[in-house]
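Participant: Structure file run07.tsv (TSV, C-alpha atoms and all ligand atoms) right here:
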```
chain	number	residue	atom	x	y	z
H	152	MET	CA	-13.54	9.29	20.48
H	153	LYS	CA	-10.41	9.76	18.31
H	154	LYS	CA	-11.07	10.74	14.70
H	155	ILE	CA	-8.68	9.44	12.08
H	156	LEU	CA	-8.60	10.95	8.60
H	157	VAL	CA	-7.52	8.09	6.34
H	158	THR	CA	-6.63	9.10	2.79
H	159	GLY	CA	-6.73	6.55	-0.02
H	160	GLY	CA	-9.02	4.37	2.09
H	161	MET	CA	-10.73	2.80	-0.93
H	162	GLY	CA	-7.44	1.31	-2.11
H	163	PHE	CA	-5.80	-1.94	-1.09
H	164	ILE	CA	-3.99	-1.18	2.18
H	165	GLY	CA	-6.22	1.75	3.18
H	166	SER	CA	-9.40	-0.36	3.00
H	167	ASN	CA	-7.77	-3.17	4.99
H	168	PHE	CA	-6.63	-0.60	7.58
H	169	ILE	CA	-10.16	0.82	7.92
H	170	ARG	CA	-11.67	-2.65	8.35
H	171	TYR	CA	-9.03	-3.47	10.95
H	172	ILE	CA	-9.59	-0.27	12.98
H	173	LEU	CA	-13.38	-0.63	12.94
H	174	SER	CA	-13.17	-4.32	13.83
H	175	LEU	CA	-11.41	-3.37	17.09
H	176	ASN	CA	-14.65	-1.78	18.37
H	177	GLU	CA	-12.60	0.84	20.13
H	178	ASP	CA	-13.28	4.53	20.33
H	179	PHE	CA	-12.28	5.49	16.77
H	180	LYS	CA	-14.10	7.26	13.98
H	181	ILE	CA	-12.74	6.96	10.44
H	182	ILE	CA	-13.06	9.73	7.89
H	183	ASN	CA	-12.07	8.27	4.54
H	184	VAL	CA	-11.00	10.69	1.79
H	185	ASP	CA	-10.39	9.10	-1.59
H	186	LYS	CA	-10.42	10.43	-5.15
H	187	LEU	CA	-11.53	7.03	-6.50
H	188	THR	CA	-8.90	6.64	-9.20
H	189	TYR	CA	-8.82	3.33	-11.09
H	190	ALA	CA	-7.32	1.80	-7.90
H	191	GLY	CA	-9.96	3.14	-5.51
H	192	ASN	CA	-12.89	0.79	-5.33
H	193	PRO	CA	-15.98	1.45	-3.16
H	194	GLU	CA	-16.66	-2.30	-3.23
H	195	ASN	CA	-13.60	-2.71	-0.99
H	196	LEU	CA	-15.65	-1.27	1.88
H	197	LYS	CA	-19.12	-2.26	0.67
H	198	GLU	CA	-20.88	-3.05	3.94
H	199	ILE	CA	-18.93	-0.61	6.14
H	200	ASP	CA	-21.33	2.37	5.76
H	201	ARG	CA	-24.23	0.23	6.93
H	202	LYS	CA	-22.36	-1.56	9.72
H	203	PHE	CA	-20.73	1.55	11.18
H	204	PRO	CA	-23.11	4.49	10.54
H	205	ASN	CA	-21.60	6.58	13.36
H	206	GLU	CA	-17.99	5.49	13.13
H	207	TYR	CA	-17.39	5.89	9.39
H	208	ARG	CA	-17.71	8.69	6.80
H	209	PHE	CA	-16.59	8.75	3.18
H	210	TYR	CA	-15.69	11.83	1.13
H	211	LYS	CA	-14.84	11.53	-2.55
H	212	ASN	CA	-12.06	14.08	-2.80
H	213	ASP	CA	-8.58	14.73	-4.09
H	214	ILE	CA	-5.93	15.21	-1.39
H	215	CYS	CA	-4.35	17.90	-3.59
H	216	ASP	CA	-7.50	20.03	-3.07
H	217	PHE	CA	-6.43	21.86	0.09
H	218	ALA	CA	-9.62	23.94	0.45
H	219	THR	CA	-11.84	20.86	0.66
H	220	ILE	CA	-9.45	18.94	2.90
H	221	ASP	CA	-9.39	21.97	5.18
H	222	LYS	CA	-13.21	21.99	5.38
H	223	ILE	CA	-13.41	18.24	6.04
H	224	ILE	CA	-10.86	18.41	8.87
H	225	ASN	CA	-12.71	21.33	10.39
H	226	LYS	CA	-16.15	19.72	10.12
H	227	GLU	CA	-15.06	16.29	11.38
H	228	GLU	CA	-12.70	17.65	14.07
H	229	VAL	CA	-9.96	15.30	12.95
H	230	ASP	CA	-7.30	14.24	15.50
H	231	TYR	CA	-4.97	12.12	13.32
H	232	ILE	CA	-4.11	11.84	9.62
H	233	VAL	CA	-2.84	8.62	8.04
H	234	ASN	CA	-1.85	9.24	4.44
H	235	PHE	CA	-2.17	6.18	2.19
H	236	ALA	CA	-3.36	8.07	-0.92
H	237	ALA	CA	-0.91	7.58	-3.76
H	238	GLU	CA	-0.36	6.58	-7.31
H	239	SER	CA	1.19	3.33	-6.20
H	240	HIS	CA	2.23	1.43	-9.29
H	241	VAL	CA	5.82	1.59	-10.58
H	242	ASP	CA	4.90	0.69	-14.18
H	243	ARG	CA	2.32	3.45	-14.38
H	244	SER	CA	4.83	5.91	-12.93
H	245	ILE	CA	7.23	4.96	-15.73
H	246	ASP	CA	4.52	5.58	-18.35
H	247	ASN	CA	3.45	8.86	-16.77
H	248	PRO	CA	5.72	10.27	-14.03
H	249	SER	CA	3.56	13.38	-13.57
H	250	ILE	CA	0.60	11.63	-11.97
H	251	CYS	CA	2.62	10.26	-9.10
H	252	CYS	CA	4.43	13.57	-8.52
H	253	GLU	CA	1.08	15.33	-8.21
H	254	THR	CA	-0.56	13.00	-5.72
H	255	ASN	CA	2.46	11.56	-3.94
H	256	PHE	CA	4.32	14.83	-3.48
H	257	PHE	CA	1.93	17.78	-3.86
H	258	GLY	CA	-0.94	15.81	-2.31
H	259	THR	CA	1.21	15.11	0.74
H	260	GLN	CA	2.14	18.78	0.91
H	261	SER	CA	-1.53	19.78	0.89
H	262	LEU	CA	-2.24	17.37	3.77
H	263	LEU	CA	0.78	18.61	5.73
H	264	ASN	CA	-0.43	22.18	5.39
H	265	ALA	CA	-3.88	21.16	6.62
H	266	ALA	CA	-2.37	19.16	9.48
H	267	ARG	CA	-0.34	22.18	10.52
H	268	LYS	CA	-3.25	24.59	10.30
H	269	HIS	CA	-5.49	22.36	12.45
H	270	LYS	CA	-2.77	21.33	14.92
H	271	ILE	CA	-3.30	17.65	14.21
H	272	GLU	CA	-2.05	15.35	17.01
H	273	LYS	CA	-0.19	12.96	14.66
H	274	PHE	CA	0.48	12.74	10.92
H	275	VAL	CA	1.56	9.31	9.67
H	276	GLN	CA	3.02	9.10	6.19
H	277	ILE	CA	2.71	5.63	4.67
H	278	SER	CA	5.90	5.22	2.68
H	279	THR	CA	7.74	2.32	1.14
H	280	ASP	CA	11.05	0.43	1.29
H	281	GLU	CA	11.46	1.35	-2.39
H	282	VAL	CA	12.77	4.78	-1.32
H	283	TYR	CA	16.03	3.06	-0.32
H	284	GLY	CA	16.69	1.80	-3.85
H	285	SER	CA	18.05	-1.62	-4.69
H	286	LEU	CA	20.16	-4.15	-2.76
H	287	ASP	CA	22.56	-6.74	-4.08
H	288	PHE	CA	21.98	-10.39	-3.14
H	289	ASN	CA	24.49	-10.27	-0.25
H	290	ASP	CA	23.81	-6.77	1.07
H	291	SER	CA	22.41	-6.24	4.58
H	292	PRO	CA	18.73	-5.30	4.76
H	293	PHE	CA	17.61	-1.64	4.79
H	294	THR	CA	17.62	0.10	8.16
H	295	GLU	CA	16.00	3.48	8.83
H	296	SER	CA	19.40	5.14	8.33
H	297	THR	CA	20.08	3.61	4.91
H	298	HIS	CA	20.42	6.57	2.56
H	299	LEU	CA	17.60	7.27	0.12
H	300	SER	CA	18.35	6.18	-3.43
H	301	PRO	CA	15.06	5.73	-5.30
H	302	ASN	CA	15.20	4.45	-8.87
H	303	SER	CA	11.69	4.81	-10.30
H	304	PRO	CA	9.49	7.91	-10.62
H	305	TYR	CA	7.17	6.23	-8.09
H	306	SER	CA	9.85	5.65	-5.45
H	307	ALA	CA	11.40	9.09	-6.14
H	308	SER	CA	8.03	10.76	-5.53
H	309	LYS	CA	7.59	8.80	-2.28
H	310	ALA	CA	11.14	9.64	-1.13
H	311	SER	CA	10.52	13.32	-1.91
H	312	ALA	CA	7.32	13.23	0.12
H	313	ASP	CA	9.22	11.62	3.04
H	314	LEU	CA	11.73	14.48	2.98
H	315	LEU	CA	8.90	17.00	2.97
H	316	VAL	CA	7.19	15.29	5.92
H	317	ASN	CA	10.46	15.36	7.83
H	318	SER	CA	10.92	19.04	7.00
H	319	TYR	CA	7.51	19.86	8.52
H	320	TYR	CA	8.65	18.08	11.70
H	321	LYS	CA	11.98	19.90	11.86
H	322	THR	CA	10.72	23.33	10.76
H	323	PHE	CA	7.21	23.51	12.19
H	324	ASN	CA	7.32	20.86	14.96
H	325	LEU	CA	4.53	18.99	13.23
H	326	PRO	CA	4.13	15.65	15.05
H	327	VAL	CA	4.89	13.13	12.32
H	328	ASN	CA	5.93	9.55	11.74
H	329	ILE	CA	6.98	7.88	8.51
H	330	THR	CA	6.53	4.14	7.97
H	331	ARG	CA	8.46	2.31	5.25
H	332	CYS	CA	7.02	-1.07	4.49
H	333	SER	CA	7.92	-3.88	2.14
H	334	ASN	CA	5.61	-5.49	-0.46
H	335	ASN	CA	2.09	-6.15	0.81
H	336	TYR	CA	-0.30	-8.89	-0.24
H	337	GLY	CA	-3.78	-9.95	0.82
H	338	PRO	CA	-7.44	-9.24	0.00
H	339	TYR	CA	-8.62	-6.29	-2.16
H	340	GLN	CA	-5.35	-5.68	-4.02
H	341	PHE	CA	-5.83	-4.35	-7.53
H	342	PRO	CA	-4.79	-7.10	-9.96
H	343	GLU	CA	-2.01	-5.16	-11.66
H	344	LYS	CA	0.25	-6.06	-8.71
H	345	LEU	CA	2.18	-9.32	-8.86
H	346	ILE	CA	0.25	-11.67	-6.58
H	347	PRO	CA	-3.38	-10.93	-7.61
H	348	LEU	CA	-2.29	-10.62	-11.26
H	349	MET	CA	-0.76	-14.10	-11.19
H	350	ILE	CA	-3.78	-15.58	-9.40
H	351	TYR	CA	-6.16	-13.97	-11.90
H	352	ASN	CA	-4.20	-15.13	-14.93
H	353	ALA	CA	-3.56	-18.63	-13.64
H	354	THR	CA	-7.22	-19.24	-12.76
H	355	ASN	CA	-8.13	-18.09	-16.29
H	356	ASP	CA	-5.38	-20.23	-17.88
H	357	LYS	CA	-3.69	-17.12	-19.24
H	358	GLU	CA	0.04	-16.56	-19.55
H	359	LEU	CA	1.84	-15.39	-16.39
H	360	PRO	CA	4.19	-12.56	-17.46
H	361	ILE	CA	7.37	-12.38	-15.37
H	362	TYR	CA	9.87	-9.58	-15.82
H	363	GLY	CA	13.38	-10.58	-16.94
H	364	LYS	CA	14.42	-13.91	-15.47
H	365	GLY	CA	12.26	-13.59	-12.35
H	366	ILE	CA	15.29	-13.35	-10.06
H	367	ASN	CA	14.24	-10.08	-8.39
H	368	ILE	CA	13.68	-10.52	-4.68
H	369	ARG	CA	11.05	-8.84	-2.54
H	370	ASP	CA	10.23	-9.12	1.15
H	371	TRP	CA	6.50	-9.90	1.41
H	372	ILE	CA	4.22	-8.91	4.27
H	373	TYR	CA	0.59	-9.86	4.81
H	374	VAL	CA	-1.51	-6.69	4.79
H	375	ASP	CA	-3.02	-7.36	8.26
H	376	ASP	CA	0.46	-7.32	9.79
H	377	HIS	CA	1.16	-3.98	8.09
H	378	CYS	CA	-2.13	-2.50	9.38
H	379	LYS	CA	-1.31	-3.55	12.95
H	380	ALA	CA	2.11	-1.92	12.68
H	381	ILE	CA	0.59	1.34	11.42
H	382	LEU	CA	-1.79	1.56	14.38
H	383	LYS	CA	1.12	0.96	16.78
H	384	VAL	CA	3.08	3.77	15.12
H	385	LEU	CA	0.07	6.09	15.14
H	386	LEU	CA	-0.57	5.61	18.85
H	387	ASP	CA	2.91	4.97	20.26
H	388	GLY	CA	5.50	5.97	17.65
H	389	LYS	CA	8.03	8.51	18.90
H	390	ILE	CA	7.43	11.88	17.26
H	391	GLY	CA	9.67	12.53	14.25
H	392	GLN	CA	10.74	8.90	13.88
H	393	ILE	CA	10.82	6.65	10.84
H	394	TYR	CA	9.86	2.97	11.24
H	395	ASN	CA	10.70	0.18	8.80
H	396	ILE	CA	8.07	-2.56	8.57
H	397	GLY	CA	8.84	-5.92	6.98
H	398	GLY	CA	7.53	-9.46	6.72
H	399	ASP	CA	10.73	-11.52	7.18
H	400	SER	CA	9.78	-13.28	3.93
H	401	GLU	CA	12.23	-12.74	1.11
H	402	ILE	CA	11.51	-14.66	-2.06
H	403	SER	CA	12.29	-14.26	-5.77
H	404	ASN	CA	9.43	-13.48	-8.14
H	405	ILE	CA	9.83	-16.76	-9.99
H	406	ASP	CA	9.73	-18.85	-6.79
H	407	LEU	CA	6.70	-16.91	-5.59
H	408	VAL	CA	4.81	-17.49	-8.84
H	409	LYS	CA	5.66	-21.20	-8.73
H	410	LYS	CA	4.18	-21.37	-5.22
H	411	ILE	CA	0.95	-19.74	-6.44
H	412	LEU	CA	0.73	-22.21	-9.33
H	413	LYS	CA	1.23	-25.08	-6.91
H	414	ILE	CA	-1.59	-23.87	-4.64
H	415	LEU	CA	-3.87	-23.53	-7.69
H	416	ASP	CA	-2.69	-26.84	-9.16
H	417	LYS	CA	-1.80	-25.15	-12.46
H	418	PRO	CA	1.19	-25.96	-14.73
H	419	GLU	CA	4.44	-23.96	-14.72
H	420	SER	CA	4.16	-23.85	-18.52
H	421	LEU	CA	1.84	-20.83	-18.04
H	422	ILE	CA	4.89	-18.76	-17.03
H	423	THR	CA	6.24	-16.51	-19.75
H	424	PHE	CA	9.28	-14.25	-19.38
H	425	VAL	CA	8.84	-10.70	-20.72
H	426	THR	CA	11.30	-7.82	-21.28
H	427	ASP	CA	12.45	-6.51	-17.92
H	428	ARG	CA	11.04	-3.33	-16.36
H	429	PRO	CA	13.42	-0.39	-16.98
H	430	GLY	CA	15.52	0.29	-13.86
H	431	HIS	CA	14.08	-2.80	-12.15
H	432	ASP	CA	15.36	-2.97	-8.55
H	433	LEU	CA	17.04	-6.31	-7.87
H	434	ARG	CA	16.27	-6.83	-4.21
H	435	TYR	CA	14.50	-5.24	-1.24
H	436	ALA	CA	14.99	-6.48	2.31
H	437	ILE	CA	13.89	-4.87	5.54
H	438	ASP	CA	15.46	-4.72	8.97
H	439	HIS	CA	12.49	-4.05	11.29
H	440	ASN	CA	14.37	-4.27	14.59
H	441	LYS	CA	13.56	-0.68	15.51
H	442	ILE	CA	9.77	-1.07	15.54
H	443	THR	CA	10.11	-4.49	17.16
H	444	LYS	CA	12.27	-3.16	20.01
H	445	GLU	CA	10.52	0.19	20.52
H	446	LEU	CA	6.88	-0.70	19.89
H	447	GLY	CA	6.76	-4.46	20.34
H	448	TRP	CA	5.50	-5.16	16.82
H	449	LYS	CA	6.57	-8.06	14.64
H	450	PRO	CA	4.94	-9.87	11.70
H	451	GLU	CA	2.65	-12.59	13.03
H	452	ILE	CA	1.42	-14.66	10.12
H	453	LYS	CA	3.74	-17.04	8.27
H	454	PHE	CA	4.23	-16.44	4.55
H	455	GLU	CA	3.09	-19.90	3.35
H	456	LYS	CA	-0.12	-19.74	5.36
H	457	ALA	CA	-0.93	-16.14	4.36
H	458	LEU	CA	-0.26	-16.85	0.69
H	459	GLU	CA	-2.68	-19.76	0.83
H	460	LEU	CA	-5.30	-17.54	2.52
H	461	THR	CA	-4.77	-14.86	-0.12
H	462	VAL	CA	-5.21	-17.26	-3.03
H	463	GLN	CA	-8.39	-18.63	-1.40
H	464	TRP	CA	-9.74	-15.08	-0.92
H	465	TYR	CA	-9.39	-14.29	-4.64
H	466	LEU	CA	-11.01	-17.60	-5.55
H	467	TYR	CA	-13.97	-16.96	-3.23
H	468	ASN	CA	-14.28	-13.36	-4.42
H	469	GLU	CA	-14.33	-14.10	-8.11
H	470	GLU	CA	-17.03	-11.46	-8.67
H	471	TRP	CA	-14.89	-8.70	-7.10
H	472	LEU	CA	-11.93	-9.77	-9.23
H	473	LYS	CA	-14.06	-9.91	-12.38
H	474	ASN	CA	-15.49	-6.43	-11.76
H	475	VAL	CA	-12.14	-4.71	-11.20
H	476	THR	CA	-10.48	-6.54	-14.04
H	477	THR	CA	-13.12	-5.68	-16.62
H	478	LYS	CA	-12.91	-2.05	-15.46
H	479	GLU	CA	-9.15	-1.60	-15.94
H	480	TYR	CA	-7.11	-4.64	-16.67
H	481	LEU	CA	-8.12	-5.20	-20.26
H	482	THR	CA	-7.78	-1.57	-21.24
H	483	TYR	CA	-4.39	-0.94	-19.64
H	484	TYR	CA	-2.52	-3.98	-18.57
H	485	GLU	CA	-2.86	-6.49	-21.31
H	486	LYS	CA	-1.85	-3.77	-23.77
H	487	GLN	CA	1.27	-3.06	-21.69
H	488	TYR	CA	2.43	-6.66	-21.64
H	489	LYS	CA	1.70	-7.15	-25.34
H	490	ASN	CA	4.05	-4.26	-26.09
H	491	ARG	CA	6.94	-5.71	-24.08
Q	501	LIG	N1	1.13	-2.03	-1.93
Q	501	LIG	C1	2.31	-2.16	-1.35
Q	501	LIG	O1	2.93	-3.21	-1.41
Q	501	LIG	C2	2.91	-0.99	-0.59
Q	501	LIG	C3	4.09	-1.21	0.13
Q	501	LIG	C4	4.62	-0.15	0.89
Q	501	LIG	C5	3.98	1.07	0.88
Q	501	LIG	N2	2.85	1.27	0.15
Q	501	LIG	C6	2.19	2.58	0.21
Q	501	LIG	O2	0.94	2.38	0.82
Q	501	LIG	C7	-0.02	3.29	0.28
Q	501	LIG	C8	-1.23	2.54	-0.20
Q	501	LIG	O3	-0.84	1.61	-1.20
Q	501	LIG	P1	-1.91	0.67	-1.90
Q	501	LIG	O4	-1.19	-0.50	-2.42
Q	501	LIG	O5	-3.07	0.49	-1.02
Q	501	LIG	O6	-2.34	1.60	-3.13
Q	501	LIG	P2	-3.64	1.55	-4.04
Q	501	LIG	O7	-3.19	1.99	-5.39
Q	501	LIG	O8	-4.35	0.25	-3.91
Q	501	LIG	O9	-4.59	2.67	-3.41
Q	501	LIG	C9	-4.33	4.03	-3.51
Q	501	LIG	C10	-5.61	4.77	-3.16
Q	501	LIG	O10	-5.34	6.17	-3.20
Q	501	LIG	C11	-6.40	6.82	-3.87
Q	501	LIG	N3	-5.88	8.06	-4.47
Q	501	LIG	C12	-4.97	8.17	-5.47
Q	501	LIG	N4	-4.74	9.48	-5.74
Q	501	LIG	C13	-5.50	10.19	-4.87
Q	501	LIG	C14	-5.69	11.57	-4.64
Q	501	LIG	N5	-5.03	12.50	-5.36
Q	501	LIG	N6	-6.54	11.96	-3.65
Q	501	LIG	C15	-7.21	11.03	-2.91
Q	501	LIG	N7	-7.09	9.71	-3.10
Q	501	LIG	C16	-6.23	9.29	-4.07
Q	501	LIG	C17	-6.86	5.82	-4.92
Q	501	LIG	O11	-8.19	6.10	-5.37
Q	501	LIG	C18	-6.76	4.52	-4.14
Q	501	LIG	O12	-7.94	4.25	-3.44
Q	501	LIG	C19	0.70	4.07	-0.81
Q	501	LIG	O13	1.09	5.31	-0.29
Q	501	LIG	C20	1.92	3.23	-1.14
Q	501	LIG	O14	2.98	4.02	-1.57
Q	501	LIG	C21	2.31	0.25	-0.59
```
Please rewrite the model in this file as C-alpha cells.

Facilitator:
Amino acid sequence: MKKILVTGGMGFIGSNFIRYILSLNEDFKIINVDKLTYAGNPENLKEIDRKFPNEYRFYKNDICDFATIDKIINKEEVDYIVNFAAESHVDRSIDNPSICCETNFFGTQSLLNAARKHKIEKFVQISTDEVYGSLDFNDSPFTESTHLSPNSPYSASKASADLLVNSYYKTFNLPVNITRCSNNYGPYQFPEKLIPLMIYNATNDKELPIYGKGINIRDWIYVDDHCKAILKVLLDGKIGQIYNIGGDSEISNIDLVKKILKILDKPESLITFVTDRPGHDLRYAIDHNKITKELGWKPEIKFEKALELTVQWYLYNEEWLKNVTTKEYLTYYEKQYKNR
C-alpha cells in the first residue's frame, strides 16, 4: 500500500483529490494534514472517515510546524507528499501578504525538509499558472519555460515556493515535480472564488460584482480533470520536471458570468461592475502539450457540460453553501465589495 500525505485536503482541490484517489479502490492510504483555516471545511469530506476507516486519516495541523509533520510522516510511514495547503485567494493576499508568505513559502519549506529527512519517494508541489504573470490578448499560452513574473503577493509566494522546490531537487536530489494549473471549478469550492460566488449571489438575487469591465480572461478546468493530472504526475512524472495543466477553455469573466445566469435563468441586470482588483492580471492561458505528450493526460470534460454540473451541484448542496457562507462570507466578503 502506498501512503500519500495530502496537505490542505479539507480545501477545494485537496478534498476532490482525496475523494478521487479513494474512489479508485486501489492500494492507497491518504493522510490528510490540514490546519482548517476559513477555507478548510471538514464537511468537504464528511462521510470519508466512515467509508474508508483503514485508508484515510486526518490530522489537524499546520504545515509550518515541522516537528509535528516529522512525527506524522514517521508514524504513518509516508511514501509521497502532495502539497495543496495554501492561502489561495489573491484578494486576501493583497489585504494581508504575510499570511500567504508563511504558509505558501515557509510551509512548503517545512514539508521539503521533512520530505528530505524521511527520503520521500516523490514530492509534488501544487502550483498555479499565476506564477507566469499576465498575457496580452494575442500572446501565446504559457509553456513550462515561460519565465516567472508573478504580480500578486499570492502568485509571488507560489512562485517563490516553486523555486525552493526546484532548489531541493538540484541541491539535495529530492525527487520532486511541480504542477502549474489554470483556474479550477467544481464542487466544494469556497464561495469567495468567482464561480461559486456568482452562483450563490444569483440564486439569492444579490448583485454579482465583476471587477473592472469583466474583460479578464482565464482558462477554466474542471477539478476532476486536475485531480487526474496530479495522480499521473505523482506516479509517472519525470523527476525534477514541471507540468502545466490546463482546461482548453478560455473565457472572459463577463461571458462566464452571463453563462451562469443563463443556466440559472436569472437576469443580467444582477451584474454590477466594481473597481478593478489592483494589479489584476489580464489573461492566463495554458499550453499543456508537455503533460499530454509525456503522460497521456488531457482534459476530458467539456466546459459547457462541467459548468452545468457545477451549478447543479451548488443548487443541490444548498445546505453546504449556506453553512460556509454564514461562517465567512458575510464577515469578510460583503465588506470587501462594499468598500470598492
Ligand atoms: N483553486 C484554483 O483554481 C487553483 C488553481 C491552480 C492552483 N491552485 C493551488 O492548489 C492548491 C489548493 O487550492 P484550493 O483552491 O483547493 O485552496 P483552498 O483555499 O480551497 O484550500 C486550501 C487548504 O489549505 C489549508 N491550509 C491553509 N494553510 C494551511 C497550513 N498552514 N497548514 C495546513 N493546511 C493549511 C486550508 O485549511 C484549506 O483546507 C493551492 O496550493 C493553490 O495555490 C489552485

Participant: What's the separation between atom CA of H:Glu419 and atom CA of H:Leu460, in Å to one decimal place?

Facilitator: 20.8 Å

Participant: Find, counting all atoms listed in the file, the residue in H:Phe203, H:Phe257, H:Phe163, H:Trp448 that gets nearest to ligand LIG 501 (chain Q).

Facilitator: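 Among the listed residues, H:Phe163 lies closest to ligand LIG 501 (chain Q).
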
Participant: Please compute the atom CA of H:Gly388-atom CA of H:Ile329 distance, one decimal, in Å.

Facilitator: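 Atom-to-atom, atom CA of H:Gly388 and atom CA of H:Ile329 are spaced 9.5 Å apart.
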
Participant: I'd like the neighbourhood of stretch 303-320 of chain H as a ChimeraX atom specification, where a residue qualifies if any of its atoms comes within 6 Å (using all atoms listed in the file), though same-chain residues fewer than 2 positions away should be ignored.

Facilitator: /H:241,244,248,252,255-256,281-282,301,322-325

Participant: Just write the chosen residues, C-alpha atoms, as a PDB file, in the frame of the given file.

Facilitator:
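The resulting file, again-v9.pdb, is shown below:
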```pdb
ATOM      1  CA  VAL H 241       5.820   1.590 -10.580  1.00  0.00           C
ATOM      2  CA  SER H 244       4.830   5.910 -12.930  1.00  0.00           C
ATOM      3  CA  PRO H 248       5.720  10.270 -14.030  1.00  0.00           C
ATOM      4  CA  CYS H 252       4.430  13.570  -8.520  1.00  0.00           C
ATOM      5  CA  ASN H 255       2.460  11.560  -3.940  1.00  0.00           C
ATOM      6  CA  PHE H 256       4.320  14.830  -3.480  1.00  0.00           C
ATOM      7  CA  GLU H 281      11.460   1.350  -2.390  1.00  0.00           C
ATOM      8  CA  VAL H 282      12.770   4.780  -1.320  1.00  0.00           C
ATOM      9  CA  PRO H 301      15.060   5.730  -5.300  1.00  0.00           C
ATOM     10  CA  THR H 322      10.720  23.330  10.760  1.00  0.00           C
ATOM     11  CA  PHE H 323       7.210  23.510  12.190  1.00  0.00           C
ATOM     12  CA  ASN H 324       7.320  20.860  14.960  1.00  0.00           C
ATOM     13  CA  LEU H 325       4.530  18.990  13.230  1.00  0.00           C
TER      14      LEU H 325
END
```

Participant: Counting all atoms listed in the file, figure out which residue out of H:Trp464, H:Ile182, H:Tyr283, H:Ile390 gets nearest to H:Thr297.

Facilitator: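 For H:Thr297, the nearest of the candidates is H:Tyr283.
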
Participant: Per residue of chain H within 7 Å of ligand LIG 501 (chain Q), which atom pair is closest and at what distance in Å (one decimal), using all atoms listed in the file, listed by chain and increasing number, as a Markdown table?

Facilitator:
```
| residue | atom | partner | partner_atom | distance |
| --- | --- | --- | --- | --- |
| H:Thr158 | CA | Q:LIG501 | N7 | 5.9 |
| H:Gly159 | CA | Q:LIG501 | O10 | 3.5 |
| H:Gly160 | CA | Q:LIG501 | O12 | 5.6 |
| H:Met161 | CA | Q:LIG501 | O12 | 4.0 |
| H:Gly162 | CA | Q:LIG501 | O12 | 3.3 |
| H:Phe163 | CA | Q:LIG501 | O5 | 3.7 |
| H:Ile164 | CA | Q:LIG501 | O5 | 3.7 |
| H:Gly165 | CA | Q:LIG501 | O5 | 5.4 |
| H:Val184 | CA | Q:LIG501 | C15 | 6.0 |
| H:Asp185 | CA | Q:LIG501 | N7 | 3.7 |
| H:Lys186 | CA | Q:LIG501 | C15 | 4.0 |
| H:Leu187 | CA | Q:LIG501 | O11 | 3.6 |
| H:Thr188 | CA | Q:LIG501 | O11 | 3.9 |
| H:Tyr189 | CA | Q:LIG501 | O11 | 6.4 |
| H:Ala190 | CA | Q:LIG501 | C18 | 4.7 |
| H:Gly191 | CA | Q:LIG501 | O12 | 3.1 |
| H:Asn192 | CA | Q:LIG501 | O12 | 6.3 |
| H:Asn212 | CA | Q:LIG501 | C15 | 5.7 |
| H:Asp213 | CA | Q:LIG501 | N6 | 3.5 |
| H:Ile214 | CA | Q:LIG501 | N6 | 4.0 |
| H:Cys215 | CA | Q:LIG501 | N5 | 5.7 |
| H:Asn234 | CA | Q:LIG501 | O13 | 6.8 |
| H:Phe235 | CA | Q:LIG501 | C7 | 4.1 |
| H:Ala236 | CA | Q:LIG501 | O10 | 3.6 |
| H:Ala237 | CA | Q:LIG501 | C12 | 4.4 |
| H:Glu238 | CA | Q:LIG501 | C12 | 5.2 |
| H:Ser239 | CA | Q:LIG501 | O7 | 4.7 |
| H:His240 | CA | Q:LIG501 | O7 | 6.7 |
| H:Thr254 | CA | Q:LIG501 | N5 | 4.5 |
| H:Gly258 | CA | Q:LIG501 | N5 | 6.1 |
| H:Ile277 | CA | Q:LIG501 | O13 | 5.2 |
| H:Ser278 | CA | Q:LIG501 | C5 | 4.9 |
| H:Thr279 | CA | Q:LIG501 | C5 | 4.0 |
| H:Asp280 | CA | Q:LIG501 | C4 | 6.5 |
| H:Lys309 | CA | Q:LIG501 | O14 | 6.7 |
| H:Arg331 | CA | Q:LIG501 | C4 | 6.3 |
| H:Cys332 | CA | Q:LIG501 | C4 | 4.4 |
| H:Ser333 | CA | Q:LIG501 | C3 | 5.1 |
| H:Asn334 | CA | Q:LIG501 | O1 | 3.6 |
| H:Asn335 | CA | Q:LIG501 | O1 | 3.8 |
| H:Tyr336 | CA | Q:LIG501 | O1 | 6.6 |
| H:Gln340 | CA | Q:LIG501 | O8 | 6.0 |
| H:Phe341 | CA | Q:LIG501 | O8 | 6.0 |
```

Participant: Need to verify the contact set: H:Leu421, 12 Å, only C-alpha atoms, exclusion of same-chain residues closer than 4 positions in sequence. Can you return it as a list of chain:residue names?

Facilitator: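 That gives H:Met349, H:Ile350, H:Asn352, H:Ala353, H:Thr354, H:Asn355, H:Asp356, H:Lys357, H:Glu358, H:Leu359, H:Pro360, H:Ile361, H:Val408, H:Lys409, H:Ile411, H:Leu412, H:Lys413, H:Asp416, H:Lys417.
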
Participant: Please, what distance in Å, to one decimal, runs between atom CA of H:Ser174 and atom CA of H:Ile381?

Facilitator: 15.1 Å

Participant: Could you check which residues have any atom within 10 Å of (-19.9, 6.7, 14.4), counting all atoms listed in the file with coordinates taken straight from the file, and then list them as a list in words?

Facilitator: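 I get Met152, Lys154, Leu173, Asp178, Phe179, Lys180, Ile181, Ile182, Asp200, Lys202, Phe203, Pro204, Asn205, Glu206, Tyr207 and Arg208 of chain H for the residues within 10 Å of that point.
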
Participant: Which is closer to H:Asn225 than all the others in H:Thr426, H:Thr259, H:Pro292, H:Ala265, using all atoms listed in the file?

Facilitator: H:Ala265

Participant: Could you work out an axis-aligned bounding box for all listed atoms of stretch 286-296 of chain H, with 6 Å added on each of the six sides, and give its centre and edge lengths in Å to one decimal, as JSON?

Facilitator:
```
{"center_x": 20.2, "center_y": -2.6, "center_z": 2.4, "size_x": 20.5, "size_y": 27.5, "size_z": 24.9}
```

Participant: If we count only C-alpha atoms and set the cut-off at 8 Å, which residues sit around H:Asn395, ignoring sequence neighbours fewer than 6 positions away in its own chain? Please answer as a list in words.

Facilitator: Asp280, Thr294, Glu295, Thr330, Arg331, Cys332, Ile437, Asp438, His439, Lys441 and Ile442 of chain H

Participant: Env of H:Cys378: 9 Å cut, atoms = all atoms listed in the file, seq-sep filter 2 positions within chain, self excluded. Answer as JSON, numbers by chain.

Facilitator: {"H": [164, 165, 167, 168, 169, 171, 172, 374, 375, 376, 380, 381, 382, 383]}
